[in-house]
>>> print(open('target_35.pdb').read())   # PDB, C-alpha atoms
MODEL        1
ATOM      1  CA  MET A   1      10.746 -26.631   0.129
ATOM      2  CA  VAL A   2       9.077 -23.555  -1.355
ATOM      3  CA  ALA A   3      11.496 -21.154  -3.039
ATOM      4  CA  PRO A   4      11.491 -17.581  -1.740
ATOM      5  CA  GLY A   5       9.791 -15.012  -3.918
ATOM      6  CA  ILE A   6       7.233 -12.261  -4.291
ATOM      7  CA  LEU A   7       3.690 -13.109  -5.322
ATOM      8  CA  LEU A   8       1.283 -10.510  -6.717
ATOM      9  CA  VAL A   9      -2.337 -11.221  -5.817
ATOM     10  CA  ASP A  10      -5.544  -9.513  -6.941
ATOM     11  CA  LYS A  11      -7.561  -9.456  -3.721
ATOM     12  CA  PRO A  12     -11.324  -9.770  -4.163
ATOM     13  CA  ALA A  13     -13.870  -7.793  -2.166
ATOM     14  CA  GLY A  14     -15.023  -9.340   1.095
ATOM     15  CA  MET A  15     -11.676 -10.866   2.055
ATOM     16  CA  THR A  16      -9.207  -9.366   4.489
ATOM     17  CA  SER A  17      -5.517  -9.169   3.641
ATOM     18  CA  HIS A  18      -4.956 -11.746   6.384
ATOM     19  CA  ASP A  19      -7.438 -14.053   4.635
ATOM     20  CA  VAL A  20      -5.333 -13.871   1.469
ATOM     21  CA  VAL A  21      -2.156 -14.623   3.412
ATOM     22  CA  ALA A  22      -3.869 -17.637   5.012
ATOM     23  CA  ARG A  23      -4.945 -18.885   1.581
ATOM     24  CA  ALA A  24      -1.376 -18.458   0.300
ATOM     25  CA  ARG A  25       0.024 -20.411   3.255
ATOM     26  CA  ARG A  26      -2.293 -23.324   2.530
ATOM     27  CA  ALA A  27      -1.717 -23.222  -1.228
ATOM     28  CA  LEU A  28       2.082 -23.060  -0.944
ATOM     29  CA  GLY A  29       2.477 -25.280   2.096
ATOM     30  CA  THR A  30       4.461 -22.832   4.205
ATOM     31  CA  ARG A  31       3.773 -20.630   7.207
ATOM     32  CA  LYS A  32       6.350 -18.033   6.194
ATOM     33  CA  VAL A  33       4.108 -15.699   4.205
ATOM     34  CA  GLY A  34       3.432 -11.996   4.728
ATOM     35  CA  HIS A  35       2.100  -8.987   2.849
ATOM     36  CA  ALA A  36       3.164  -5.396   2.169
ATOM     37  CA  GLY A  37       0.288  -3.038   2.889
ATOM     38  CA  THR A  38      -3.203  -3.913   4.127
ATOM     39  CA  LEU A  39      -6.321  -3.576   1.990
ATOM     40  CA  ASP A  40      -9.708  -3.217   3.660
ATOM     41  CA  PRO A  41     -12.216  -6.040   3.102
ATOM     42  CA  MET A  42     -14.267  -3.712   0.868
ATOM     43  CA  ALA A  43     -11.256  -2.930  -1.320
ATOM     44  CA  THR A  44      -9.987  -4.995  -4.217
ATOM     45  CA  GLY A  45      -6.714  -5.062  -6.067
ATOM     46  CA  LEU A  46      -3.020  -5.528  -5.649
ATOM     47  CA  LEU A  47      -1.651  -7.236  -2.573
ATOM     48  CA  VAL A  48       2.102  -7.878  -2.595
ATOM     49  CA  ILE A  49       2.853 -11.183  -0.869
ATOM     50  CA  GLY A  50       6.295 -12.279   0.340
ATOM     51  CA  VAL A  51       7.091 -15.994   0.605
ATOM     52  CA  GLU A  52       9.824 -17.618   2.715
ATOM     53  CA  GLY A  53      13.005 -15.494   2.840
ATOM     54  CA  ALA A  54      11.487 -12.869   0.541
ATOM     55  CA  THR A  55       9.311 -11.727   3.442
ATOM     56  CA  ARG A  56      12.418  -9.751   4.450
ATOM     57  CA  LEU A  57      11.876  -7.578   1.383
ATOM     58  CA  LEU A  58       8.406  -6.500   2.478
ATOM     59  CA  THR A  59       9.902  -3.833   4.748
ATOM     60  CA  TYR A  60      11.308  -2.123   1.655
ATOM     61  CA  ILE A  61       8.169  -2.577  -0.454
ATOM     62  CA  VAL A  62       5.599  -1.324   2.031
ATOM     63  CA  GLY A  63       6.904   2.249   1.883
ATOM     64  CA  VAL A  64       6.660   2.791  -1.878
ATOM     65  CA  GLY A  65       3.935   4.857  -3.548
ATOM     66  CA  LYS A  66       0.519   3.469  -4.450
ATOM     67  CA  THR A  67      -2.099   4.011  -7.160
ATOM     68  CA  TYR A  68      -5.806   3.596  -6.493
ATOM     69  CA  GLU A  69      -9.006   3.774  -8.496
ATOM     70  CA  ALA A  70     -11.958   4.768  -6.339
ATOM     71  CA  THR A  71     -15.519   6.047  -6.299
ATOM     72  CA  ILE A  72     -16.293   8.928  -3.948
ATOM     73  CA  ARG A  73     -19.929   9.563  -3.088
ATOM     74  CA  LEU A  74     -20.638  13.178  -2.200
ATOM     75  CA  GLY A  75     -23.782  13.927  -0.224
ATOM     76  CA  GLN A  76     -23.552  11.298   2.513
ATOM     77  CA  SER A  77     -21.281  10.770   5.513
ATOM     78  CA  THR A  78     -20.858   7.353   7.147
ATOM     79  CA  THR A  79     -19.486   6.030  10.426
ATOM     80  CA  THR A  80     -16.513   4.428   8.661
ATOM     81  CA  ASP A  81     -15.969   6.920   5.815
ATOM     82  CA  ASP A  82     -16.834   4.109   3.393
ATOM     83  CA  ALA A  83     -19.827   2.075   2.264
ATOM     84  CA  ASP A  84     -19.383  -0.497   5.049
ATOM     85  CA  GLY A  85     -20.545   2.038   7.634
ATOM     86  CA  GLU A  86     -23.932   3.460   8.512
ATOM     87  CA  ILE A  87     -25.063   6.730   6.941
ATOM     88  CA  VAL A  88     -25.012   9.344   9.678
ATOM     89  CA  GLN A  89     -25.688  12.467   7.637
ATOM     90  CA  ALA A  90     -27.205  13.302   4.249
ATOM     91  CA  ALA A  91     -26.854  16.656   2.524
ATOM     92  CA  THR A  92     -29.858  18.954   2.413
ATOM     93  CA  ALA A  93     -31.056  20.598  -0.778
ATOM     94  CA  SER A  94     -29.727  23.952   0.423
ATOM     95  CA  ALA A  95     -26.265  22.486   1.027
ATOM     96  CA  TRP A  96     -26.042  21.485  -2.634
ATOM     97  CA  GLU A  97     -26.717  25.013  -3.875
ATOM     98  CA  THR A  98     -23.058  26.030  -3.634
ATOM     99  CA  VAL A  99     -21.570  22.744  -4.897
ATOM    100  CA  THR A 100     -20.502  23.624  -8.422
ATOM    101  CA  PRO A 101     -18.067  21.755 -10.664
ATOM    102  CA  GLU A 102     -15.577  24.522  -9.991
ATOM    103  CA  ARG A 103     -15.880  24.076  -6.208
ATOM    104  CA  ILE A 104     -15.359  20.350  -6.592
ATOM    105  CA  ARG A 105     -12.198  21.022  -8.620
ATOM    106  CA  GLU A 106     -11.009  23.471  -5.958
ATOM    107  CA  GLY A 107     -11.684  20.925  -3.223
ATOM    108  CA  ILE A 108      -9.702  18.260  -5.039
ATOM    109  CA  SER A 109      -6.868  20.713  -5.685
ATOM    110  CA  ALA A 110      -6.699  21.507  -1.956
ATOM    111  CA  LEU A 111      -6.270  17.791  -1.257
ATOM    112  CA  THR A 112      -3.463  17.387  -3.791
ATOM    113  CA  GLY A 113       0.242  17.742  -3.061
ATOM    114  CA  ARG A 114       1.772  17.580   0.407
ATOM    115  CA  ILE A 115      -1.163  17.590   2.821
ATOM    116  CA  SER A 116      -1.940  16.919   6.459
ATOM    117  CA  GLN A 117      -4.451  14.084   6.756
ATOM    118  CA  VAL A 118      -6.293  12.627   9.735
ATOM    119  CA  PRO A 119      -6.643   8.857   9.164
ATOM    120  CA  SER A 120     -10.069   7.294   9.459
ATOM    121  CA  SER A 121     -10.860   6.197  13.002
ATOM    122  CA  VAL A 122     -11.529   2.663  11.744
ATOM    123  CA  SER A 123      -8.044   2.298  10.281
ATOM    124  CA  ALA A 124      -5.543  -0.397  11.261
ATOM    125  CA  ILE A 125      -3.301   2.136  13.023
ATOM    126  CA  LYS A 126      -2.398   1.018  16.529
ATOM    127  CA  VAL A 127      -3.334   3.186  19.506
ATOM    128  CA  ASP A 128      -1.603   2.055  22.713
ATOM    129  CA  GLY A 129      -1.100  -1.407  21.258
ATOM    130  CA  ARG A 130      -4.610  -1.922  19.874
ATOM    131  CA  ARG A 131      -5.914  -1.340  16.354
ATOM    132  CA  ALA A 132      -8.003   1.824  16.051
ATOM    133  CA  TYR A 133     -10.879  -0.090  14.462
ATOM    134  CA  ASP A 134     -10.976  -2.502  17.433
ATOM    135  CA  ARG A 135     -11.265   0.427  19.828
ATOM    136  CA  VAL A 136     -14.069   1.979  17.742
ATOM    137  CA  ARG A 137     -15.965  -1.327  17.615
ATOM    138  CA  SER A 138     -15.726  -1.622  21.392
ATOM    139  CA  GLY A 139     -17.406   1.774  21.761
ATOM    140  CA  GLU A 140     -14.432   4.090  22.209
ATOM    141  CA  ASP A 141     -14.281   7.512  20.579
ATOM    142  CA  VAL A 142     -11.003   7.452  18.628
ATOM    143  CA  VAL A 143      -9.432  10.513  17.001
ATOM    144  CA  LEU A 144      -6.096   9.823  15.352
ATOM    145  CA  ALA A 145      -3.269  12.303  15.000
ATOM    146  CA  PRO A 146      -2.833  13.965  11.595
ATOM    147  CA  ARG A 147       0.034  12.832   9.396
ATOM    148  CA  GLU A 148       1.812  14.344   6.433
ATOM    149  CA  VAL A 149       1.164  12.501   3.164
ATOM    150  CA  THR A 150       1.643  13.286  -0.515
ATOM    151  CA  VAL A 151      -1.105  13.030  -3.121
ATOM    152  CA  SER A 152       0.658  13.505  -6.439
ATOM    153  CA  ARG A 153      -2.394  12.823  -8.608
ATOM    154  CA  PHE A 154      -6.097  13.183  -7.813
ATOM    155  CA  ASP A 155      -7.993  13.076 -11.106
ATOM    156  CA  VAL A 156     -11.707  12.691 -11.805
ATOM    157  CA  ARG A 157     -12.389  10.119 -14.514
ATOM    158  CA  ALA A 158     -16.206  10.252 -14.478
ATOM    159  CA  ARG A 159     -19.076  11.979 -12.683
ATOM    160  CA  ARG A 160     -22.610  10.680 -12.103
ATOM    161  CA  GLU A 161     -25.533  12.423 -10.405
ATOM    162  CA  ALA A 162     -28.349  10.579  -8.672
ATOM    163  CA  ASP A 163     -30.996  11.439  -6.094
ATOM    164  CA  GLY A 164     -29.189  13.557  -3.508
ATOM    165  CA  VAL A 165     -25.656  12.355  -4.303
ATOM    166  CA  ILE A 166     -22.830  12.840  -6.785
ATOM    167  CA  ASP A 167     -20.490   9.929  -7.524
ATOM    168  CA  LEU A 168     -16.963  10.715  -8.678
ATOM    169  CA  ASP A 169     -14.765   8.013 -10.199
ATOM    170  CA  VAL A 170     -11.210   9.062  -9.392
ATOM    171  CA  VAL A 171      -7.620   7.854  -9.742
ATOM    172  CA  VAL A 172      -5.133   8.711  -7.015
ATOM    173  CA  ASP A 173      -1.341   8.420  -6.902
ATOM    174  CA  CYS A 174      -0.142   8.822  -3.336
ATOM    175  CA  SER A 175       2.563   8.123  -0.807
ATOM    176  CA  SER A 176       2.440   5.165   1.521
ATOM    177  CA  GLY A 177       0.176   5.840   4.495
ATOM    178  CA  THR A 178      -2.412   7.852   2.563
ATOM    179  CA  TYR A 179      -6.040   6.932   3.302
ATOM    180  CA  ILE A 180      -8.352   7.238   0.310
ATOM    181  CA  ARG A 181     -11.353   7.044   2.657
ATOM    182  CA  SER A 182     -10.031  10.157   4.350
ATOM    183  CA  LEU A 183      -9.764  11.952   1.001
ATOM    184  CA  ALA A 184     -13.432  11.139   0.350
ATOM    185  CA  ARG A 185     -14.427  12.312   3.834
ATOM    186  CA  ASP A 186     -12.380  15.502   3.607
ATOM    187  CA  LEU A 187     -13.598  16.411   0.115
ATOM    188  CA  GLY A 188     -17.197  16.052   1.281
ATOM    189  CA  ALA A 189     -16.466  18.140   4.374
ATOM    190  CA  ARG A 190     -14.881  20.917   2.315
ATOM    191  CA  LEU A 191     -17.958  21.048   0.111
ATOM    192  CA  GLY A 192     -20.321  20.982   3.072
ATOM    193  CA  VAL A 193     -22.247  17.915   1.879
ATOM    194  CA  GLY A 194     -20.302  15.029   3.393
ATOM    195  CA  GLY A 195     -18.598  12.235   1.522
ATOM    196  CA  HIS A 196     -17.535   8.627   1.721
ATOM    197  CA  LEU A 197     -15.943   5.909  -0.384
ATOM    198  CA  THR A 198     -18.137   3.391  -2.212
ATOM    199  CA  ALA A 199     -15.444   1.523  -4.160
ATOM    200  CA  LEU A 200     -11.662   1.166  -3.924
ATOM    201  CA  ARG A 201      -9.192  -0.751  -6.047
ATOM    202  CA  ARG A 202      -5.398  -0.668  -5.693
ATOM    203  CA  THR A 203      -3.818  -0.952  -9.121
ATOM    204  CA  LYS A 204      -0.133  -0.323  -8.402
ATOM    205  CA  VAL A 205       2.355  -0.645  -5.554
ATOM    206  CA  GLY A 206       5.501   1.079  -6.762
ATOM    207  CA  GLU A 207       6.421  -0.690  -9.999
ATOM    208  CA  PHE A 208       4.223  -3.723  -9.240
ATOM    209  CA  SER A 209       0.946  -3.788 -11.200
ATOM    210  CA  VAL A 210      -2.331  -5.574 -10.599
ATOM    211  CA  GLN A 211      -2.256  -6.519 -14.287
ATOM    212  CA  ASP A 212       0.457  -9.043 -13.395
ATOM    213  CA  ALA A 213      -1.389 -10.393 -10.366
ATOM    214  CA  ALA A 214      -2.946 -13.820  -9.853
ATOM    215  CA  SER A 215      -6.389 -14.436  -8.409
ATOM    216  CA  VAL A 216      -6.738 -16.114  -5.015
ATOM    217  CA  ASP A 217      -7.845 -19.268  -6.834
ATOM    218  CA  GLU A 218      -4.561 -19.373  -8.771
ATOM    219  CA  LEU A 219      -2.170 -19.178  -5.817
ATOM    220  CA  ARG A 220      -0.947 -22.745  -6.101
ATOM    221  CA  SER A 221       0.117 -22.342  -9.739
ATOM    222  CA  ALA A 222       0.946 -18.614  -9.824
ATOM    223  CA  ALA A 223       4.428 -17.608 -10.952
ATOM    224  CA  MET A 224       6.516 -15.972  -8.247
ATOM    225  CA  MET A 225       8.888 -13.109  -8.858
ATOM    226  CA  SER A 226      12.449 -13.775  -7.740
ATOM    227  CA  PRO A 227      13.789 -11.751  -4.813
ATOM    228  CA  ALA A 228      16.359 -10.140  -7.132
ATOM    229  CA  ASP A 229      13.684  -9.061  -9.636
ATOM    230  CA  ALA A 230      11.423  -7.751  -6.880
ATOM    231  CA  ALA A 231      14.193  -5.831  -5.124
ATOM    232  CA  SER A 232      15.317  -4.234  -8.385
ATOM    233  CA  ARG A 233      11.823  -2.733  -8.767
ATOM    234  CA  VAL A 234      11.924  -0.861  -5.478
ATOM    235  CA  MET A 235      15.554   0.232  -5.158
ATOM    236  CA  PRO A 236      18.768   0.727  -7.160
ATOM    237  CA  VAL A 237      20.804  -2.358  -8.049
ATOM    238  CA  LEU A 238      24.424  -2.895  -7.024
ATOM    239  CA  HIS A 239      26.133  -5.706  -8.940
ATOM    240  CA  VAL A 240      28.749  -7.314  -6.715
ATOM    241  CA  THR A 241      31.513  -9.822  -7.347
ATOM    242  CA  ALA A 242      31.395 -13.340  -5.951
ATOM    243  CA  GLU A 243      34.004 -12.305  -3.380
ATOM    244  CA  ASP A 244      32.011  -9.246  -2.320
ATOM    245  CA  ALA A 245      28.869 -11.372  -2.118
ATOM    246  CA  ARG A 246      30.623 -13.816   0.164
ATOM    247  CA  ASP A 247      31.888 -11.004   2.395
ATOM    248  CA  LEU A 248      28.415  -9.464   2.661
ATOM    249  CA  ARG A 249      26.887 -12.821   3.560
ATOM    250  CA  HIS A 250      29.483 -13.192   6.295
ATOM    251  CA  GLY A 251      28.684  -9.775   7.737
ATOM    252  CA  LYS A 252      31.752  -7.993   6.402
ATOM    253  CA  ARG A 253      31.707  -4.480   5.008
ATOM    254  CA  LEU A 254      32.695  -3.549   1.478
ATOM    255  CA  ALA A 255      35.450  -1.109   2.342
ATOM    256  CA  GLY A 256      35.542   2.173   0.442
ATOM    257  CA  GLN A 257      32.582   1.318  -1.832
ATOM    258  CA  ALA A 258      29.933   3.717  -0.471
ATOM    259  CA  SER A 259      30.285   5.939  -3.524
ATOM    260  CA  ARG A 260      28.929   3.120  -5.711
ATOM    261  CA  ILE A 261      25.356   3.833  -4.599
ATOM    262  CA  ALA A 262      23.628   7.193  -4.885
ATOM    263  CA  GLY A 263      20.767   6.689  -2.441
ATOM    264  CA  GLY A 264      20.538   5.259   1.016
ATOM    265  CA  ALA A 265      20.127   1.610   0.037
ATOM    266  CA  ALA A 266      20.641  -0.746  -2.891
ATOM    267  CA  ALA A 267      19.925  -4.356  -3.823
ATOM    268  CA  ALA A 268      23.205  -6.284  -3.953
ATOM    269  CA  ILE A 269      23.004  -8.907  -6.704
ATOM    270  CA  ASP A 270      25.749 -11.477  -7.296
ATOM    271  CA  PRO A 271      27.135 -12.677 -10.677
ATOM    272  CA  ASP A 272      24.527 -15.465 -10.793
ATOM    273  CA  GLY A 273      21.696 -12.937 -10.574
ATOM    274  CA  VAL A 274      20.857 -13.915  -6.983
ATOM    275  CA  LEU A 275      19.907 -11.291  -4.418
ATOM    276  CA  VAL A 276      22.563 -11.204  -1.691
ATOM    277  CA  GLY A 277      20.635  -8.649   0.342
ATOM    278  CA  VAL A 278      20.175  -4.932   0.831
ATOM    279  CA  VAL A 279      23.226  -2.764   1.502
ATOM    280  CA  GLU A 280      23.451   0.682   3.047
ATOM    281  CA  LYS A 281      26.171   3.269   3.411
ATOM    282  CA  ARG A 282      28.251   3.289   6.587
ATOM    283  CA  GLY A 283      30.688   6.142   6.219
ATOM    284  CA  PRO A 284      32.949   5.265   3.252
ATOM    285  CA  ASP A 285      31.837   1.609   3.353
ATOM    286  CA  LEU A 286      28.825  -0.493   2.389
ATOM    287  CA  LYS A 287      27.238  -2.746   4.972
ATOM    288  CA  SER A 288      24.415  -5.278   4.793
ATOM    289  CA  ALA A 289      21.145  -4.003   6.228
ATOM    290  CA  MET A 290      19.419  -7.265   5.280
ATOM    291  CA  ASN A 291      20.842 -10.548   4.004
ATOM    292  CA  MET A 292      18.971 -13.236   2.128
ATOM    293  CA  ALA A 293      19.566 -16.791   3.272
ATOM    294  CA  GLU A 294      22.088 -18.553   1.023
ATOM    295  CA  GLU A 295      19.655 -21.369   0.312
ATOM    296  CA  ALA A 296      17.732 -18.814  -1.756
ATOM    297  CA  ARG A 297      20.125 -19.805  -4.544
TER     298      ARG A 297
ENDMDL
END
>>> encode(input="target_35.pdb", output="structure tokens")
Amino acid sequence: MVAPGILLVDKPAGMTSHDVVARARRALGTRKVGHAGTLDPMATGLLVIGVEGATRLLTYIVGVGKTYEATIRLGQSTTTDDADGEIVQAATASAWETVTPERIREGISALTGRISQVPSSVSAIKVDGRRAYDRVRSGEDVVLAPREVTVSRFDVRARREADGVIDLDVVVDCSSGTYIRSLARDLGARLGVGGHLTALRRTKVGEFSVQDAASVDELRSAAMMSPADAASRVMPVLHVTAEDARDLRHGKRLAGQASRIAGGAAAAIDPDGVLVGVVEKRGPDLKSAMNMAEEAR
């Protein structure tokens, strides 16, 4: 039987996140595999995979911040806000006259911090039970509701000018749910020349780095992170006694121990270094919000 754990995978371009999960299922010989946070087929980079009982941790991983490296092309708008779509508008020579380096910096500054963002219509967001991109592909006109996101870093690493376009290589730190394609679209719109994404790579998910990731061809032999190690990277750790661990596994509360954790949740780890589960405050007590199966030992 495959041991539960977290697997970091460097997704190549051209594969969907579901494709990577399917490859992991075949390589590891188990159906119980999931991922924390979809990457578009065009995108590359870090995909966090949960295996067996560690799939329960994905709920807590999916909401952490992300880091992306991307290339934004100013001067062209596409149907999908990225290079997979058709070009629907190209900037005229007169439109470029007011696009100065200072205006680009101002546009980026306006898209940094806490912002309201309309996701791309070809996103995986569900609208009345169907993915937005499925509705768009079937001919529907989809406009998604804006959402509040946080872009804590939006830095330009390099700038290149070509015939009628400007390419910006950028790095973005952002909250979960931020669409980098939408940043490209909105920056182009602010400048009046249009914009879309030509490259996207996710380099970090919380404290997980793509530098530690395996390729899809290495899935069978890749080292998995233990549930305890993975949980400790996304939330505070609560070390519990063997007795407390047993009580938590049996659904009992830890009476009067709520003050032991500062935030809303913590990873309860037993004396053997095994993840018992995730605990939350319930009044003065601590209660399991998620328990790992005991065979995870």
>>> axis_aligned_box(input="target_35.pdb", around="range 81-91 of chain A", padding_each_side="8 Å", output="lines of an AutoDock Vina configuration file")
center_x = -21.6
center_y = 8.1
center_z = 6.0
size_x = 27.2
size_y = 33.2
size_z = 23.4
>>> closest_residue(input="target_35.pdb", among="A:Val62, A:Ala268, A:Val51, A:Ala93", to="Asp163 in chain A", atoms="only C-alpha atoms")
A:Ala93
>>> residues_around(input="target_35.pdb", residues="Val156 in chain A", least_positions_apart="5", cutoff="10 Å", atoms="all atoms listed in the file", output="list of chain:residue names")
A:Glu69, A:Ala70, A:Thr71, A:Ile72, A:Ile104, A:Arg105, A:Ile108, A:Leu168, A:Asp169, A:Val170, A:Val171, A:Val172
>>> atom_distance(input="target_35.pdb", atom1="CA of Met1 in chain A", atom2="CA of Asn291 in chain A")
19.4 Å
>>> residues_around(input="target_35.pdb", residues="range 187-196 of chain A", least_positions_apart="4", cutoff="12 Å", atoms="only C-alpha atoms", output="NGL selection string")
:A and (70-112 or 117 or 120 or 154 or 164-168 or 179-183 or 200)
>>> atom_distance(input="target_35.pdb", atom1="CA of Leu46 in chain A", atom2="CA of Ser17 in chain A")
10.3 Å
>>> closest_residue(input="target_35.pdb", among="A:Ser232, A:Ser226, A:Ser121, A:Ser175", to="Glu52 in chain A", atoms="all atoms listed in the file")
A:Ser226
>>> closest_residue(input="target_35.pdb", among="A:Pro41, A:Thr198, A:Met225, A:Lys32", to="Asp19 in chain A", atoms="only C-alpha atoms")
A:Pro41
>>> closest_residue(input="target_35.pdb", among="A:Ala43, A:Cys174, A:Val142, A:Arg114", to="Arg130 in chain A", atoms="all atoms listed in the file")
A:Val142
>>> resolve_selection(input="target_35.pdb", expression="the PyMOL selection byres ((chain A and resi 242) around 12)", output="list in words")
His239, Val240, Thr241, Glu243, Asp244, Ala245, Arg246, Asp247, Leu248, Arg249, Ala268, Ile269, Asp270, Pro271, Asp272, Gly273, Val274, Leu275 and Val276 of chain A
>>> residues_around(input="target_35.pdb", residues="His18 in chain A", least_positions_apart="5", cutoff="9 Å", atoms="all atoms listed in the file", output="compact mmCIF listing (two decimals) with C-alpha atoms, keeping the file's coordinate frame")
# COMPACT_ATOMS: atom_id res chain seq x y z
CA ARG A 23 -4.94 -18.89 1.58
CA GLY A 34 3.43 -12.00 4.73
CA HIS A 35 2.10 -8.99 2.85
CA THR A 38 -3.20 -3.91 4.13
>>> atom_distance(input="target_35.pdb", atom1="CA of Ala258 in chain A", atom2="CA of Arg233 in chain A")
20.9 Å
>>> closest_residue(input="target_35.pdb", among="A:Ala13, A:Leu144, A:Gly45, A:Ala222", to="Arg131 in chain A", atoms="only C-alpha atoms")
A:Leu144
>>> resolve_selection(input="target_35.pdb", expression="the PyMOL selection byres ((chain A and resi 235) around 8)", output="PDB file with C-alpha atoms, keeping the file's coordinate frame")
ATOM      1  CA  ALA A 231      14.193  -5.831  -5.124  1.00  0.00           C
ATOM      2  CA  SER A 232      15.317  -4.234  -8.385  1.00  0.00           C
ATOM      3  CA  ARG A 233      11.823  -2.733  -8.767  1.00  0.00           C
ATOM      4  CA  VAL A 234      11.924  -0.861  -5.478  1.00  0.00           C
ATOM      5  CA  PRO A 236      18.768   0.727  -7.160  1.00  0.00           C
ATOM      6  CA  VAL A 237      20.804  -2.358  -8.049  1.00  0.00           C
ATOM      7  CA  ALA A 265      20.127   1.610   0.037  1.00  0.00           C
ATOM      8  CA  ALA A 266      20.641  -0.746  -2.891  1.00  0.00           C
ATOM      9  CA  ALA A 267      19.925  -4.356  -3.823  1.00  0.00           C
TER      10      ALA A 267
END
>>> resolve_selection(input="target_35.pdb", expression="the PyMOL selection byres ((chain A and resi 5-12) around 7)", output="ChimeraX atom specification")
/A:3-4,13-15,44-51,54,210,212-216,224-227,230
>>> closest_residue(input="target_35.pdb", among="A:Ala145, A:Val278, A:Val64, A:Ala22", to="Gly251 in chain A", atoms="all atoms listed in the file")
A:Val278
>>> residues_near_point(input="target_35.pdb", point="(1.6, 3.8, 0.1)", cutoff="6 Å", atoms="all atoms listed in the file", output="ChimeraX atom specification")
/A:63-66,175-177
